[in-house]
Amino acid sequence: MIESYIPIFLIIGVAAIFGVVSVNMSWLLGPQRPYREKQSTYESGVDPVSTAHYRFSVKYYMVALSFIIFDIEVVFMYPWAVRFRELGWPGFVVMLVFVVVLAVGFIYELKKGALRWD
Amino acid sequence: MEFTDILISLIKIIVMFVVVLVTVAELVYTERKISAWIQNRIGPNRVGWKGLLQPYADVIKLLLKEDIVPTAANKFIHTLAPVISIGVAFSTLAVVPIAGETISMFGREVQMVIADVNIGILYILALTSMGVYGLTLSGWSSNNKYSLLGGLRSSAQMISYELSMGLSVIGVVMVTGSLQLTDVVTHQAGWMWNMVLQPVGFITFVVAAFAETNRTPFDLPEAEPELVGGYHTEYSSFKFALFFLAEYANMITASAVITTLYLGGWQVPYLELLQLPSGIVVALQILAFVVKVAFMLFVFQWVRWTVPRFRYDQLMDLGWKVMLPIALANVIATGIVILLIS
């Protein structure tokens, strides 16, 4: 069984080698004439104001948190979906309860405006 | 696993790499030609016959340009990000079967898929999540405000649409009862394509695939008018080319996955009635797969030059308030229908 995964490791290896080689290709083939202005951060032609690692909107964190909750739900549903026919109605009802509990939380989140972008 | 098996795998991998790279080059060409036709222009027609060698000229030009890394950037991650993007884009194709029959090579029956693992669908979803890292890290490590915004937007967008993508596929898994992609294709014999059995899931999956590949109307990570190019503002030379390569390779991957999951993969309806020799069957199945993928690629390009870009709040609203409930309802409806039939 584990043998069927060997080609996957091979392809990831080949892809990584391809990536590393091509990243270094332009360093080998291209010219190297750096100076301060060329290497400065691009900000529409003016000197950059402060660093770019500033605080950003909290909404991105809300999206990330909601994603983790729902992604776990999705991954949780995969084994259930594979064995769906064998589980029959009892399995369906159990999953329905789980989905309804999550849906109530999701509706609460929407009503609170956690995912409102303006 | 003997040496011959590893050799066969390596041959398949290298053939796939060459095919994908050539397809990417010609996709750039068709994209420019299609956009030209839609906008009533001529498009590239100087390099080679009808401009067919234009993308190769572009690649050589990009290779010979200076590779500028800004002094403010985190050099290691700045270099790592394009490698992640391109690696993920290529690796996903490992589990996609391109023909059902086997061919003989070195005295073995070789399957027309690189890795026929029993969790193929999970593997695709896992690698799709990895793709977010390439864009996010490139945006963060550049230490540029436009890049950071592009990276943030792309990560929020991609994780939002990943949910509807995963939920759409659950419908297919329920119909098939397996996570193995060869099983998914075998199950779609004749005209029983999942597009017919799962019409709502098909639409949500295609929309999510557009968002995952950052194609118009979902190309906010690189929205040129507002973000100068988004996450790849600070990239030049071949690293810049790698992001474009990854975008087009992702399009090929997405089309191949859509074909496999919903358009019947390599299935040619009623082919088994003709009793053809297996060599011709393999050729016809590969041809069917290529035609279906090419059609999906054309749809990707057609949409790009037809539909305008979303505003960011519209994009997130569509993902969370429309796509997610529809995909969830589709799973429940599929469950009720399957249980009522059986």
# chains A, B, ... in the order shown; residues from 1 in each chain; ligands from 1
call {"tool": "residues_around", "arguments": {"residues": "Ala57 (chain B)", "least_positions_apart": "5", "cutoff": "10 Å", "atoms": "only C-alpha atoms", "output": "ChimeraX atom specification"}}
result
/B:47-48,52,62-63
call {"tool": "write_last_selection", "arguments": {"atoms": "C-alpha atoms", "output": "PDB file, in the first residue's frame"}}
result
ATOM      1  CA  VAL B  47       7.891  35.281 -34.025  1.00  0.00           C
ATOM      2  CA  GLY B  48       7.631  31.954 -35.843  1.00  0.00           C
ATOM      3  CA  LEU B  52       3.619  30.418 -32.355  1.00  0.00           C
ATOM      4  CA  LEU B  62      12.966  36.775 -18.991  1.00  0.00           C
ATOM      5  CA  LEU B  63      15.848  34.342 -18.385  1.00  0.00           C
TER       6      LEU B  63
END
call {"tool": "residues_around", "arguments": {"residues": "Gln314 (chain B)", "least_positions_apart": "4", "cutoff": "12 Å", "atoms": "only C-alpha atoms", "output": "JSON list (two decimals) with C-alpha atoms, in the first residue's frame"}}
result
[["chain", "number", "residue", "atom", "x", "y", "z"],
["A", 115, "LEU", "CA", -17.78, 38.57, 7.68],
["A", 116, "ARG", "CA", -19.00, 42.01, 6.57],
["A", 117, "TRP", "CA", -16.53, 43.84, 4.34],
["A", 118, "ASP", "CA", -17.13, 47.54, 3.82],
["B", 157, "GLN", "CA", -9.72, 34.56, -1.05],
["B", 217, "PRO", "CA", -13.17, 37.49, -12.30],
["B", 218, "PHE", "CA", -11.28, 36.47, -9.13],
["B", 220, "LEU", "CA", -7.80, 40.36, -7.01],
["B", 309, "ARG", "CA", -13.22, 41.79, -11.90],
["B", 310, "PHE", "CA", -15.15, 41.55, -8.62],
["B", 318, "LEU", "CA", -20.08, 35.37, -2.84],
["B", 319, "GLY", "CA", -17.70, 32.92, -1.20],
["B", 320, "TRP", "CA", -19.20, 32.86, 2.28],
["B", 321, "LYS", "CA", -22.85, 33.79, 1.84],
["B", 322, "VAL", "CA", -23.69, 32.20, -1.52]]
call {"tool": "select_by_dssp", "arguments": {"residues": "region 14-198 of chain B", "states": "strand (DSSP E or B)", "output": "PyMOL selection string"}}
result
chain B and resi 103-105+108-110
call {"tool": "write_last_selection", "arguments": {"atoms": "C-alpha atoms", "output": "PDB file, in the first residue's frame"}}
result
ATOM      1  CA  ILE B 103       0.157  -0.075 -21.845  1.00  0.00           C
ATOM      2  CA  SER B 104       3.180  -2.390 -21.901  1.00  0.00           C
ATOM      3  CA  MET B 105       6.573  -0.947 -21.022  1.00  0.00           C
ATOM      4  CA  ARG B 108       5.061  -4.566 -17.348  1.00  0.00           C
ATOM      5  CA  GLU B 109       1.490  -3.385 -17.561  1.00  0.00           C
ATOM      6  CA  VAL B 110       1.775   0.343 -16.848  1.00  0.00           C
TER       7      VAL B 110
END
call {"tool": "select_by_dssp", "arguments": {"residues": "chain A", "states": "helix (DSSP H, G or I)", "output": "PyMOL selection string"}}
result
chain A and resi 2-29+59-82+84-111
call {"tool": "residues_around", "arguments": {"residues": "Ile114 (chain B)", "least_positions_apart": "5", "cutoff": "8 Å", "atoms": "only C-alpha atoms", "output": "PyMOL selection string"}}
result
(chain A and resi 7-8) or (chain B and resi 9+12-13+94-97)
call {"tool": "write_last_selection", "arguments": {"atoms": "C-alpha atoms", "output": "mmCIF file, in the first residue's frame"}}
result
data_model
loop_
_atom_site.group_PDB
_atom_site.id
_atom_site.type_symbol
_atom_site.label_atom_id
_atom_site.label_comp_id
_atom_site.auth_asym_id
_atom_site.auth_seq_id
_atom_site.Cartn_x
_atom_site.Cartn_y
_atom_site.Cartn_z
ATOM 1 C CA PRO A 7 5.762 8.157 -7.218
ATOM 2 C CA ILE A 8 4.281 11.061 -5.231
ATOM 3 C CA SER B 9 7.517 6.398 -12.656
ATOM 4 C CA LYS B 12 5.987 9.220 -16.648
ATOM 5 C CA ILE B 13 6.891 12.211 -14.441
ATOM 6 C CA ALA B 94 0.346 13.094 -10.108
ATOM 7 C CA VAL B 95 -2.987 11.516 -9.192
ATOM 8 C CA VAL B 96 -4.969 12.420 -12.350
ATOM 9 C CA PRO B 97 -5.556 9.358 -14.593
#
call {"tool": "closest_residue", "arguments": {"among": "B:Tyr248, B:Thr176, B:Gly51, B:Met323", "to": "Arg85 (chain A)", "atoms": "only C-alpha atoms"}}
result
B:Thr176
